[in-house]
Structure formats: C-alpha cells, structure tokens
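Peer 1: Handing over target28.csv, CSV, N, CA and C atoms.
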```csv
chain,number,residue,atom,x,y,z
A,122,MET,N,8.5,5.4,-1.5
A,122,MET,CA,8.6,5.8,-0.1
A,122,MET,C,8.9,4.6,0.7
A,123,ASN,N,9.7,4.7,1.7
A,123,ASN,CA,10.0,3.6,2.6
A,123,ASN,C,9.6,4.1,4.0
A,124,PHE,N,9.1,3.1,4.8
A,124,PHE,CA,8.9,3.5,6.2
A,124,PHE,C,9.1,2.2,7.1
A,125,THR,N,9.4,2.5,8.3
A,125,THR,CA,9.7,1.4,9.3
A,125,THR,C,8.5,0.8,9.8
A,126,THR,N,8.4,-0.5,9.9
A,126,THR,CA,7.3,-1.2,10.4
A,126,THR,C,7.7,-2.6,11.0
A,127,THR,N,6.8,-3.4,11.3
A,127,THR,CA,7.1,-4.8,11.8
A,127,THR,C,6.2,-5.8,11.0
A,128,VAL,N,6.7,-7.0,10.9
A,128,VAL,CA,5.9,-8.1,10.3
A,128,VAL,C,6.2,-9.3,11.2
A,129,ALA,N,5.2,-9.9,11.8
A,129,ALA,CA,5.3,-11.0,12.7
A,129,ALA,C,6.2,-10.6,13.9
A,130,GLY,N,6.1,-9.3,14.3
A,130,GLY,CA,6.9,-8.9,15.4
A,130,GLY,C,8.4,-8.6,15.1
A,131,ILE,N,8.8,-8.7,13.9
A,131,ILE,CA,10.1,-8.5,13.4
A,131,ILE,C,10.3,-7.1,12.8
A,132,PRO,N,11.2,-6.3,13.3
A,132,PRO,CA,11.3,-5.0,12.7
A,132,PRO,C,11.8,-5.1,11.2
A,133,CYS,N,11.3,-4.2,10.4
A,133,CYS,CA,11.6,-4.3,9.0
A,133,CYS,C,11.2,-2.9,8.3
A,134,ARG,N,11.4,-2.9,7.0
A,134,ARG,CA,11.0,-1.7,6.3
A,134,ARG,C,10.0,-2.1,5.2
A,135,CYS,N,9.1,-1.2,4.9
A,135,CYS,CA,8.1,-1.4,3.8
A,135,CYS,C,8.5,-0.4,2.7
A,136,ARG,N,8.7,-0.9,1.5
A,136,ARG,CA,9.0,0.0,0.3
A,136,ARG,C,7.8,0.0,-0.6
A,137,VAL,N,7.1,1.1,-0.7
A,137,VAL,CA,5.9,1.2,-1.5
A,137,VAL,C,6.3,1.3,-3.0
A,138,THR,N,5.9,0.4,-3.8
A,138,THR,CA,6.3,0.4,-5.2
A,138,THR,C,5.2,1.0,-6.1
A,139,PHE,N,4.0,1.0,-5.6
A,139,PHE,CA,2.9,1.5,-6.4
A,139,PHE,C,1.7,1.8,-5.5
A,140,TYR,N,1.1,3.0,-5.7
A,140,TYR,CA,-0.1,3.4,-5.0
A,140,TYR,C,-1.0,4.2,-5.9
A,141,SER,N,-2.3,3.8,-5.9
A,141,SER,CA,-3.3,4.5,-6.7
A,141,SER,C,-4.5,4.6,-5.7
A,142,PRO,N,-5.0,5.9,-5.5
A,142,PRO,CA,-6.1,6.1,-4.5
A,142,PRO,C,-7.4,5.6,-5.0
A,143,GLY,N,-7.5,5.2,-6.3
A,143,GLY,CA,-8.8,4.8,-6.9
A,143,GLY,C,-9.7,5.9,-7.3
A,144,ALA,N,-10.8,5.6,-7.8
A,144,ALA,CA,-11.7,6.7,-8.3
A,144,ALA,C,-13.1,6.2,-8.2
A,145,PRO,N,-14.1,7.0,-7.9
A,145,PRO,CA,-15.5,6.6,-7.8
A,145,PRO,C,-16.1,6.4,-9.2
A,146,MET,N,-17.2,5.8,-9.3
A,146,MET,CA,-17.9,5.6,-10.6
A,146,MET,C,-18.2,7.0,-11.2
A,147,ARG,N,-18.1,7.1,-12.5
A,147,ARG,CA,-18.2,8.3,-13.2
A,147,ARG,C,-19.3,8.2,-14.3
A,148,ASN,N,-20.2,9.1,-14.3
A,148,ASN,CA,-21.2,9.1,-15.4
A,148,ASN,C,-20.7,9.9,-16.6
A,149,THR,N,-20.8,9.3,-17.8
A,149,THR,CA,-20.3,10.0,-18.9
A,149,THR,C,-21.4,10.4,-19.9
A,150,GLY,N,-22.6,10.1,-19.6
A,150,GLY,CA,-23.8,10.3,-20.4
A,150,GLY,C,-25.1,10.1,-19.7
A,151,TRP,N,-26.2,9.9,-20.4
A,151,TRP,CA,-27.5,9.8,-19.8
A,151,TRP,C,-27.9,8.3,-19.6
A,152,GLY,N,-27.4,7.4,-20.4
A,152,GLY,CA,-27.8,6.0,-20.3
A,152,GLY,C,-27.1,5.2,-19.3
A,153,PHE,N,-27.6,4.0,-19.0
A,153,PHE,CA,-27.0,3.1,-18.0
A,153,PHE,C,-25.6,2.7,-18.5
A,154,GLY,N,-25.4,2.5,-19.8
A,154,GLY,CA,-24.1,2.0,-20.3
A,154,GLY,C,-23.1,3.2,-20.4
A,155,ASP,N,-23.5,4.4,-20.0
A,155,ASP,CA,-22.6,5.5,-20.1
A,155,ASP,C,-21.9,5.8,-18.8
A,156,CYS,N,-21.5,4.8,-18.1
A,156,CYS,CA,-20.8,4.9,-16.8
A,156,CYS,C,-19.5,4.2,-16.9
A,157,ASP,N,-18.5,4.8,-16.3
A,157,ASP,CA,-17.2,4.1,-16.1
A,157,ASP,C,-17.3,3.6,-14.7
A,158,PRO,N,-16.9,2.3,-14.5
A,158,PRO,CA,-17.0,1.7,-13.2
A,158,PRO,C,-16.0,2.3,-12.2
A,159,ASP,N,-16.2,2.1,-10.9
A,159,ASP,CA,-15.3,2.7,-10.0
A,159,ASP,C,-14.0,1.9,-10.0
A,160,GLU,N,-12.9,2.6,-9.7
A,160,GLU,CA,-11.6,2.0,-9.7
A,160,GLU,C,-11.2,1.8,-8.2
A,161,PRO,N,-10.8,0.5,-7.8
A,161,PRO,CA,-10.4,0.3,-6.4
A,161,PRO,C,-9.1,0.9,-6.1
A,162,GLU,N,-8.8,1.1,-4.8
A,162,GLU,CA,-7.5,1.6,-4.4
A,162,GLU,C,-6.5,0.4,-4.6
A,163,GLU,N,-5.3,0.8,-5.0
A,163,GLU,CA,-4.3,-0.2,-5.3
A,163,GLU,C,-3.1,0.2,-4.4
A,164,PHE,N,-2.5,-0.9,-3.8
A,164,PHE,CA,-1.3,-0.7,-2.9
A,164,PHE,C,-0.4,-1.9,-3.1
A,165,GLU,N,0.8,-1.6,-3.6
A,165,GLU,CA,1.8,-2.6,-3.8
A,165,GLU,C,3.1,-2.2,-3.1
A,166,PHE,N,3.7,-3.2,-2.5
A,166,PHE,CA,4.9,-2.9,-1.7
A,166,PHE,C,5.8,-4.1,-1.6
A,167,ASP,N,7.0,-3.9,-1.2
A,167,ASP,CA,8.0,-4.9,-0.9
A,167,ASP,C,8.4,-4.8,0.5
A,168,ILE,N,8.7,-5.9,1.1
A,168,ILE,CA,9.2,-6.0,2.5
A,168,ILE,C,10.7,-6.1,2.5
A,169,LEU,N,11.4,-5.2,3.2
A,169,LEU,CA,12.9,-5.2,3.2
A,169,LEU,C,13.3,-5.4,4.6
A,170,ASP,N,14.5,-6.0,4.8
A,170,ASP,CA,15.1,-6.1,6.1
A,170,ASP,C,15.5,-4.7,6.6
A,171,ARG,N,16.0,-4.6,7.8
A,171,ARG,CA,16.4,-3.3,8.3
A,171,ARG,C,17.5,-2.6,7.6
A,172,ARG,N,18.3,-3.4,6.9
A,172,ARG,CA,19.4,-2.8,6.1
A,172,ARG,C,18.9,-2.3,4.7
A,173,GLY,N,17.7,-2.7,4.3
A,173,GLY,CA,17.1,-2.3,3.0
A,173,GLY,C,17.2,-3.3,1.9
A,174,TYR,N,17.5,-4.6,2.3
A,174,TYR,CA,17.6,-5.6,1.3
A,174,TYR,C,16.3,-6.4,1.3
A,175,PRO,N,15.8,-6.9,0.1
A,175,PRO,CA,14.6,-7.6,0.0
A,175,PRO,C,14.6,-8.8,1.0
A,176,ALA,N,13.5,-9.0,1.6
A,176,ALA,CA,13.3,-10.1,2.6
A,176,ALA,C,12.1,-11.0,2.3
A,177,ALA,N,12.3,-11.8,1.3
A,177,ALA,CA,11.2,-12.7,0.8
A,177,ALA,C,10.7,-13.6,2.0
A,178,TRP,N,11.6,-14.0,2.8
A,178,TRP,CA,11.3,-14.9,3.9
A,178,TRP,C,10.3,-14.2,4.9
A,179,LEU,N,10.5,-12.9,5.0
A,179,LEU,CA,9.6,-12.1,5.9
A,179,LEU,C,8.3,-11.8,5.2
A,180,GLU,N,8.4,-11.5,3.9
A,180,GLU,CA,7.2,-11.2,3.2
A,180,GLU,C,6.3,-12.4,3.1
A,181,ALA,N,6.8,-13.6,3.2
A,181,ALA,CA,6.0,-14.9,3.3
A,181,ALA,C,5.2,-15.0,4.5
A,182,LYS,N,5.6,-14.2,5.6
A,182,LYS,CA,4.8,-14.3,6.8
A,182,LYS,C,3.7,-13.3,6.9
A,183,LEU,N,3.5,-12.5,5.8
A,183,LEU,CA,2.4,-11.5,5.8
A,183,LEU,C,1.0,-12.1,5.8
A,184,THR,N,0.1,-11.5,6.5
A,184,THR,CA,-1.3,-11.9,6.5
A,184,THR,C,-2.1,-10.8,5.9
A,185,ASP,N,-3.4,-11.1,5.6
A,185,ASP,CA,-4.3,-10.0,5.1
A,185,ASP,C,-4.4,-8.9,6.0
A,186,ASP,N,-4.4,-9.1,7.3
A,186,ASP,CA,-4.4,-8.1,8.3
A,186,ASP,C,-3.2,-7.2,8.2
A,187,ASP,N,-2.0,-7.8,8.0
A,187,ASP,CA,-0.8,-7.1,7.9
A,187,ASP,C,-0.8,-6.1,6.7
A,188,SER,N,-1.4,-6.6,5.6
A,188,SER,CA,-1.5,-5.8,4.4
A,188,SER,C,-2.4,-4.6,4.6
A,189,GLU,N,-3.5,-4.8,5.3
A,189,GLU,CA,-4.4,-3.6,5.6
A,189,GLU,C,-3.7,-2.7,6.6
A,190,ARG,N,-2.9,-3.2,7.5
A,190,ARG,CA,-2.2,-2.4,8.5
A,190,ARG,C,-1.1,-1.6,7.8
A,191,LEU,N,-0.4,-2.2,6.9
A,191,LEU,CA,0.6,-1.5,6.1
A,191,LEU,C,0.0,-0.4,5.3
A,192,LEU,N,-1.1,-0.6,4.7
A,192,LEU,CA,-1.8,0.5,3.9
A,192,LEU,C,-2.2,1.6,4.8
A,193,GLU,N,-2.7,1.4,6.0
A,193,GLU,CA,-3.0,2.4,7.0
A,193,GLU,C,-1.7,3.2,7.4
A,194,GLU,N,-0.6,2.4,7.7
A,194,GLU,CA,0.6,3.1,8.0
A,194,GLU,C,1.1,4.0,6.9
A,195,TYR,N,1.0,3.5,5.7
A,195,TYR,CA,1.4,4.3,4.5
A,195,TYR,C,0.6,5.5,4.4
A,196,ARG,N,-0.7,5.5,4.6
A,196,ARG,CA,-1.5,6.7,4.6
A,196,ARG,C,-1.1,7.7,5.6
A,197,ARG,N,-0.8,7.2,6.8
A,197,ARG,CA,-0.3,8.1,7.9
A,197,ARG,C,1.0,8.8,7.5
A,198,GLU,N,2.0,7.9,7.0
A,198,GLU,CA,3.3,8.4,6.6
A,198,GLU,C,3.2,9.5,5.5
A,199,ARG,N,2.3,9.2,4.6
A,199,ARG,CA,2.1,10.1,3.4
A,199,ARG,C,1.5,11.4,3.9
A,200,ALA,N,0.5,11.3,4.8
A,200,ALA,CA,-0.1,12.5,5.3
A,200,ALA,C,0.9,13.4,6.1
A,201,ALA,N,1.7,12.7,6.9
A,201,ALA,CA,2.7,13.4,7.7
A,201,ALA,C,3.8,14.1,6.8
A,202,TRP,N,4.2,13.4,5.7
A,202,TRP,CA,5.2,13.9,4.8
A,202,TRP,C,4.6,15.1,4.1
A,203,ALA,N,3.3,15.1,3.7
A,203,ALA,CA,2.7,16.2,3.0
A,203,ALA,C,2.5,17.4,3.8
A,204,ALA,N,2.4,17.2,5.1
A,204,ALA,CA,2.1,18.4,6.0
A,204,ALA,C,3.2,19.3,6.2
```
Go ahead and express the file in the form of structure tokens.

Peer 2:
Amino acid sequence: MNFTTTVAGIPCRCRVTFYSPGAPMRNTGWGFGDCDPDEPEEFEFDILDRRGYPAAWLEAKLTDDDSERLLEEYRRERAAWAA
C-alpha cells in the first residue's frame, strides 16, 4: 500500500513493505513455561519521492516521531480502505 505524506515538510509517498499487527501473550498450558511471549507490532516501509522512486536522501531525514506518525497514518489509510 502507498499513501501520500511528508517528511521534514517535503511531500513524498510512503510504501508499506510489511505490516504485522502483533499478538498478545498466549497460554498454551498450566505452567509458567507454557506461554508464548507477546509479539510486537511490526511496520516496515520505504520512502519514495512524488514520482514513486526510492528517496534514500529523504529517508535519512526520518526521526522516531516520523516513524510513529507514519504508522498512525498507515492505520488510518488502512481503515478507510477497508470501510
């Protein structure tokens, strides 16, 4: 899935290459060792220029806040697409 966004105020596109919503801890038996640990949410993406070409120079400008914002934008886009 691709969606339009900005990085450092520069218009671009985000191409989601992998998304896994994660899973909570799961009990598989009665003992303490009979649990599968929780799986964290995974989100991988590439930053593309407006024409759709990879933009490594723009990806280098990403901050942790940008990554969280892109994840939220992806969730909104996915929800709108599913509706």

Peer 1: For stretch 125-139 of chain A, work out the shell of residues within 8 Å, counting all atoms listed in the file and skipping chain neighbours fewer than 2 positions away, then give it as a PDB file with N, CA and C atoms, in the frame of the given file.

Peer 2:
```
ATOM      1  N   MET A 122       8.500   5.400  -1.500  1.00  0.00           N
ATOM      2  CA  MET A 122       8.600   5.800  -0.100  1.00  0.00           C
ATOM      3  C   MET A 122       8.900   4.600   0.700  1.00  0.00           C
ATOM      4  N   ASN A 123       9.700   4.700   1.700  1.00  0.00           N
ATOM      5  CA  ASN A 123      10.000   3.600   2.600  1.00  0.00           C
ATOM      6  C   ASN A 123       9.600   4.100   4.000  1.00  0.00           C
ATOM      7  N   SER A 141      -2.300   3.800  -5.900  1.00  0.00           N
ATOM      8  CA  SER A 141      -3.300   4.500  -6.700  1.00  0.00           C
ATOM      9  C   SER A 141      -4.500   4.600  -5.700  1.00  0.00           C
ATOM     10  N   PRO A 142      -5.000   5.900  -5.500  1.00  0.00           N
ATOM     11  CA  PRO A 142      -6.100   6.100  -4.500  1.00  0.00           C
ATOM     12  C   PRO A 142      -7.400   5.600  -5.000  1.00  0.00           C
ATOM     13  N   GLU A 163      -5.300   0.800  -5.000  1.00  0.00           N
ATOM     14  CA  GLU A 163      -4.300  -0.200  -5.300  1.00  0.00           C
ATOM     15  C   GLU A 163      -3.100   0.200  -4.400  1.00  0.00           C
ATOM     16  N   PHE A 164      -2.500  -0.900  -3.800  1.00  0.00           N
ATOM     17  CA  PHE A 164      -1.300  -0.700  -2.900  1.00  0.00           C
ATOM     18  C   PHE A 164      -0.400  -1.900  -3.100  1.00  0.00           C
ATOM     19  N   GLU A 165       0.800  -1.600  -3.600  1.00  0.00           N
ATOM     20  CA  GLU A 165       1.800  -2.600  -3.800  1.00  0.00           C
ATOM     21  C   GLU A 165       3.100  -2.200  -3.100  1.00  0.00           C
ATOM     22  N   PHE A 166       3.700  -3.200  -2.500  1.00  0.00           N
ATOM     23  CA  PHE A 166       4.900  -2.900  -1.700  1.00  0.00           C
ATOM     24  C   PHE A 166       5.800  -4.100  -1.600  1.00  0.00           C
ATOM     25  N   ASP A 167       7.000  -3.900  -1.200  1.00  0.00           N
ATOM     26  CA  ASP A 167       8.000  -4.900  -0.900  1.00  0.00           C
ATOM     27  C   ASP A 167       8.400  -4.800   0.500  1.00  0.00           C
ATOM     28  N   ILE A 168       8.700  -5.900   1.100  1.00  0.00           N
ATOM     29  CA  ILE A 168       9.200  -6.000   2.500  1.00  0.00           C
ATOM     30  C   ILE A 168      10.700  -6.100   2.500  1.00  0.00           C
ATOM     31  N   LEU A 169      11.400  -5.200   3.200  1.00  0.00           N
ATOM     32  CA  LEU A 169      12.900  -5.200   3.200  1.00  0.00           C
ATOM     33  C   LEU A 169      13.300  -5.400   4.600  1.00  0.00           C
ATOM     34  N   ASP A 170      14.500  -6.000   4.800  1.00  0.00           N
ATOM     35  CA  ASP A 170      15.100  -6.100   6.100  1.00  0.00           C
ATOM     36  C   ASP A 170      15.500  -4.700   6.600  1.00  0.00           C
ATOM     37  N   ARG A 171      16.000  -4.600   7.800  1.00  0.00           N
ATOM     38  CA  ARG A 171      16.400  -3.300   8.300  1.00  0.00           C
ATOM     39  C   ARG A 171      17.500  -2.600   7.600  1.00  0.00           C
ATOM     40  N   ARG A 172      18.300  -3.400   6.900  1.00  0.00           N
ATOM     41  CA  ARG A 172      19.400  -2.800   6.100  1.00  0.00           C
ATOM     42  C   ARG A 172      18.900  -2.300   4.700  1.00  0.00           C
ATOM     43  N   GLY A 173      17.700  -2.700   4.300  1.00  0.00           N
ATOM     44  CA  GLY A 173      17.100  -2.300   3.000  1.00  0.00           C
ATOM     45  C   GLY A 173      17.200  -3.300   1.900  1.00  0.00           C
ATOM     46  N   TYR A 174      17.500  -4.600   2.300  1.00  0.00           N
ATOM     47  CA  TYR A 174      17.600  -5.600   1.300  1.00  0.00           C
ATOM     48  C   TYR A 174      16.300  -6.400   1.300  1.00  0.00           C
ATOM     49  N   LEU A 179      10.500 -12.900   5.000  1.00  0.00           N
ATOM     50  CA  LEU A 179       9.600 -12.100   5.900  1.00  0.00           C
ATOM     51  C   LEU A 179       8.300 -11.800   5.200  1.00  0.00           C
ATOM     52  N   GLU A 180       8.400 -11.500   3.900  1.00  0.00           N
ATOM     53  CA  GLU A 180       7.200 -11.200   3.200  1.00  0.00           C
ATOM     54  C   GLU A 180       6.300 -12.400   3.100  1.00  0.00           C
ATOM     55  N   LYS A 182       5.600 -14.200   5.600  1.00  0.00           N
ATOM     56  CA  LYS A 182       4.800 -14.300   6.800  1.00  0.00           C
ATOM     57  C   LYS A 182       3.700 -13.300   6.900  1.00  0.00           C
ATOM     58  N   LEU A 183       3.500 -12.500   5.800  1.00  0.00           N
ATOM     59  CA  LEU A 183       2.400 -11.500   5.800  1.00  0.00           C
ATOM     60  C   LEU A 183       1.000 -12.100   5.800  1.00  0.00           C
ATOM     61  N   THR A 184       0.100 -11.500   6.500  1.00  0.00           N
ATOM     62  CA  THR A 184      -1.300 -11.900   6.500  1.00  0.00           C
ATOM     63  C   THR A 184      -2.100 -10.800   5.900  1.00  0.00           C
ATOM     64  N   ASP A 187      -2.000  -7.800   8.000  1.00  0.00           N
ATOM     65  CA  ASP A 187      -0.800  -7.100   7.900  1.00  0.00           C
ATOM     66  C   ASP A 187      -0.800  -6.100   6.700  1.00  0.00           C
ATOM     67  N   LEU A 191      -0.400  -2.200   6.900  1.00  0.00           N
ATOM     68  CA  LEU A 191       0.600  -1.500   6.100  1.00  0.00           C
ATOM     69  C   LEU A 191       0.000  -0.400   5.300  1.00  0.00           C
TER      70      LEU A 191
END
```

Peer 1: Which distance in Å separates atom N of A:Thr149 and atom CA of A:Pro161, to one decimal?

Peer 2: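 Atom-to-atom, atom N of A:Thr149 to atom CA of A:Pro161, that is 17.9 Å.
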
Peer 1: Enumerate the residues of stretch 124-172 of chain A with a DSSP assignment of strand (DSSP E), computed from the backbone, and present them as JSON, numbers by chain.

Peer 2: {"A": [124, 125, 126, 127, 128, 131, 132, 133, 134, 135, 136, 137, 138, 139, 140, 141, 147, 148, 156, 157, 163, 164, 165, 166, 167, 168, 169]}

Peer 1: Please indicate the distance in Å from atom C of A:Ala177 to atom CA of A:Ala201, rounded to one decimal place.

Peer 2: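 Those two atoms sit 28.7 Å apart.
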
Peer 1: One decimal, Å: what's the distance from atom CA of A:Ala181 over to atom CA of A:Glu162, could you say?

Peer 2: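 Spanning atom CA of A:Ala181 to atom CA of A:Glu162 is a straight-line distance of 22.7 Å.
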
Peer 1: Out of stretch 131-181 of chain A, which residues get alpha helix (DSSP H) from DSSP, as a VMD selection string?

Peer 2: chain A and resid 177 to 180

Peer 1: So, counting all atoms listed in the file, which residue among A:Pro145, A:Asp186, A:Glu198, A:Pro175 is closest to A:Asp159?

Peer 2: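 Ranking A:Pro145, A:Asp186, A:Glu198, A:Pro175 by distance to A:Asp159, first place goes to A:Pro145.
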